[in-house]
Amino acid sequence: PDAGEIPRGESVDIELTVDSSPLAPENDYQENILVLTDDEETPEIEVPVRLHVGPWQPGAVEIEPDHLFRALEAGEQVQAELTLHSVGIGNYDFQTRLEGENRRWLNIEPEEGRIGPGDDLALTLTFDSGGLDDGLYSLVLVLVGNDPDNPECRVAVSMSVGLEFGSVTGTVIDARTRDPVPEARVGILGHGFEMTCDEEGNFRFEPVPEHRYRLWAEAEDYLRWVGEEFDVIAGEEAVQNLALLRAMFEARPGRICLLYTSDAADELDGVDLG
């Protein structure tokens, strides 16, 4: 409290809150607290307060899950959580923004905040299909924070309204050797669906709303691949087999050359080379 009365023989604790956020790091600060009393002998008591602000400590964050999808019917509203894990040695300060068209169907709470080292914070995302036509809606949630290695974290968020579902399956192989590419990363471009292939290079997305999509794929030592459009039809399986071209780098004076060959890849039947 900033004022009060203390009965004879008792005591009261005064709690002080210190905020170093607007202060310059690696500096010392001092202020005096003046306590006015009705004690005739000591009507004023001056209490010095000293504060040392250490060096700035960067924040860092991990986000779970790395994408969100919800299937709704017309006029429905559902909520989902996105958990932020503060893994840096300092506080993680963040603000959120949405990228994409027609953002009114998604609400985020809180939109900004601070997470202490080792702490977690859940963002509540509210999906609202009210007033929307049947279809697939996608946005990107951008988390802008003080992580120097990753100042902007991006999370794909998608919602289907009144759609039925199919599936997308396939295998990722090396375009030259035809061997599977284990643990390749495959995703549906712009819609947040992504996964790591198994040891045989296989992947499967299910359920996937009926819509037109494009796949992307990437793996260590291979060129990133983006395919042509294909349709997912309700109740059916869309098979998309992918062939990745191995990248080779050759150092030359003043430049780095990226070399690859695709002769063998062109001979593959039933494989989309993008």
# chains A, B, ... in the order shown; residues from 1 in each chain; ligands from 1
>>> residues_around(residues="Asp179 in chain A", least_positions_apart="5", cutoff="12 Å", atoms="only C-alpha atoms", output="CSV table (one decimal) with N, CA and C atoms, in the first residue's frame")
chain,number,residue,atom,x,y,z
A,171,THR,N,5.3,-41.2,-52.6
A,171,THR,CA,6.6,-41.6,-52.2
A,171,THR,C,7.6,-40.6,-52.8
A,172,VAL,N,8.6,-40.2,-52.0
A,172,VAL,CA,9.7,-39.3,-52.4
A,172,VAL,C,10.9,-40.2,-52.8
A,173,ILE,N,11.4,-40.1,-54.0
A,173,ILE,CA,12.6,-40.8,-54.4
A,173,ILE,C,13.6,-39.9,-55.0
A,174,ASP,N,14.8,-40.5,-55.1
A,174,ASP,CA,16.0,-39.8,-55.7
A,174,ASP,C,15.7,-39.9,-57.2
A,199,GLU,N,11.0,-44.2,-43.5
A,199,GLU,CA,12.3,-44.7,-44.0
A,199,GLU,C,12.2,-45.1,-45.4
A,200,GLU,N,11.0,-45.4,-45.9
A,200,GLU,CA,10.8,-45.7,-47.3
A,200,GLU,C,10.4,-44.6,-48.2
A,201,GLY,N,10.4,-43.3,-47.6
A,201,GLY,CA,10.1,-42.2,-48.4
A,201,GLY,C,8.6,-41.9,-48.6
A,202,ASN,N,7.8,-42.7,-47.8
A,202,ASN,CA,6.3,-42.6,-48.0
A,202,ASN,C,5.7,-41.5,-47.1
A,242,LEU,N,7.0,-38.2,-55.9
A,242,LEU,CA,7.9,-37.1,-56.2
A,242,LEU,C,9.3,-37.5,-56.4
A,243,ALA,N,10.0,-36.9,-57.3
A,243,ALA,CA,11.4,-37.2,-57.5
A,243,ALA,C,12.3,-35.9,-57.2
A,244,LEU,N,13.2,-36.0,-56.3
A,244,LEU,CA,14.1,-34.9,-56.0
A,244,LEU,C,15.4,-35.0,-56.7
A,245,LEU,N,15.9,-33.9,-57.1
A,245,LEU,CA,17.2,-33.8,-57.8
A,245,LEU,C,18.3,-33.5,-56.7
A,246,ARG,N,19.3,-34.3,-56.7
A,246,ARG,CA,20.4,-34.0,-55.8
A,246,ARG,C,21.2,-32.8,-56.2
A,265,ALA,N,16.1,-38.5,-64.3
A,265,ALA,CA,14.8,-38.2,-63.7
A,265,ALA,C,13.7,-38.1,-64.8
A,268,LEU,N,11.7,-41.4,-65.5
A,268,LEU,CA,10.8,-42.0,-64.5
A,268,LEU,C,9.3,-41.8,-64.9
>>> residues_around(residues="range 13-30 of chain A", least_positions_apart="3", cutoff="12 Å", atoms="only C-alpha atoms", output="list of chain:residue names")
A:Pro1, A:Asp2, A:Ala3, A:Gly4, A:Glu5, A:Ile6, A:Glu10, A:Ile33, A:Val35, A:Val47, A:Pro48, A:Val49, A:Arg50, A:Leu51, A:His52, A:Val53, A:Gly54, A:Pro55, A:Trp56, A:Gln57, A:Gly90, A:Asn91, A:Asp93, A:Arg114
>>> atom_distance(atom1="CA of Pro151 in chain A", atom2="CA of Glu64 in chain A")
16.9 Å
>>> residues_around(residues="range 80-82 of chain A", least_positions_apart="6", cutoff="8 Å", atoms="only C-alpha atoms", output="list in words")
Ile63, Glu64, Pro65, Ala122, Leu123, Thr124, Leu125, Thr126 and Phe127 of chain A
>>> select_by_dssp(residues="range 25-208 of chain A", states="strand (DSSP E or B)", output="ChimeraX atom specification")
/A:27-36,44-53,61-64,67-72,77-86,92-99,106-109,112-115,120-128,135-145,152-161,165-174,180,185-188,194-196,202-208
>>> closest_residue(among="A:Pro180, A:Gly116, A:Gly170, A:Gly162", to="Gly135 in chain A", atoms="only C-alpha atoms")
A:Gly162
>>> closest_residue(among="A:Arg104, A:His191, A:Arg185, A:His85", to="Ala60 in chain A", atoms="only C-alpha atoms")
A:His85
>>> atom_distance(atom1="CA of Glu62 in chain A", atom2="CA of Ile89 in chain A")
13.3 Å
>>> residues_around(residues="Ser86 in chain A", least_positions_apart="6", cutoff="6 Å", atoms="only C-alpha atoms", output="JSON, numbers by chain")
{"A": [60, 61, 117, 118, 119]}
>>> closest_residue(among="A:Val157, A:Met195, A:Val208, A:Leu72", to="Ala234 in chain A", atoms="only C-alpha atoms")
A:Val208
>>> residues_around(residues="Leu141 in chain A", least_positions_apart="5", cutoff="9 Å", atoms="only C-alpha atoms", output="NGL selection string")
:A and (96-99 or 153-157)
>>> closest_residue(among="A:Glu229, A:Glu194, A:Glu236, A:Asp221", to="Phe69 in chain A", atoms="only C-alpha atoms")
A:Glu194
>>> closest_residue(among="A:Ile188, A:Ala74, A:Ala238, A:Ile115", to="Gly88 in chain A", atoms="only C-alpha atoms")
A:Ile115
>>> atom_distance(atom1="CA of Val140 in chain A", atom2="CA of Glu152 in chain A")
11.5 Å
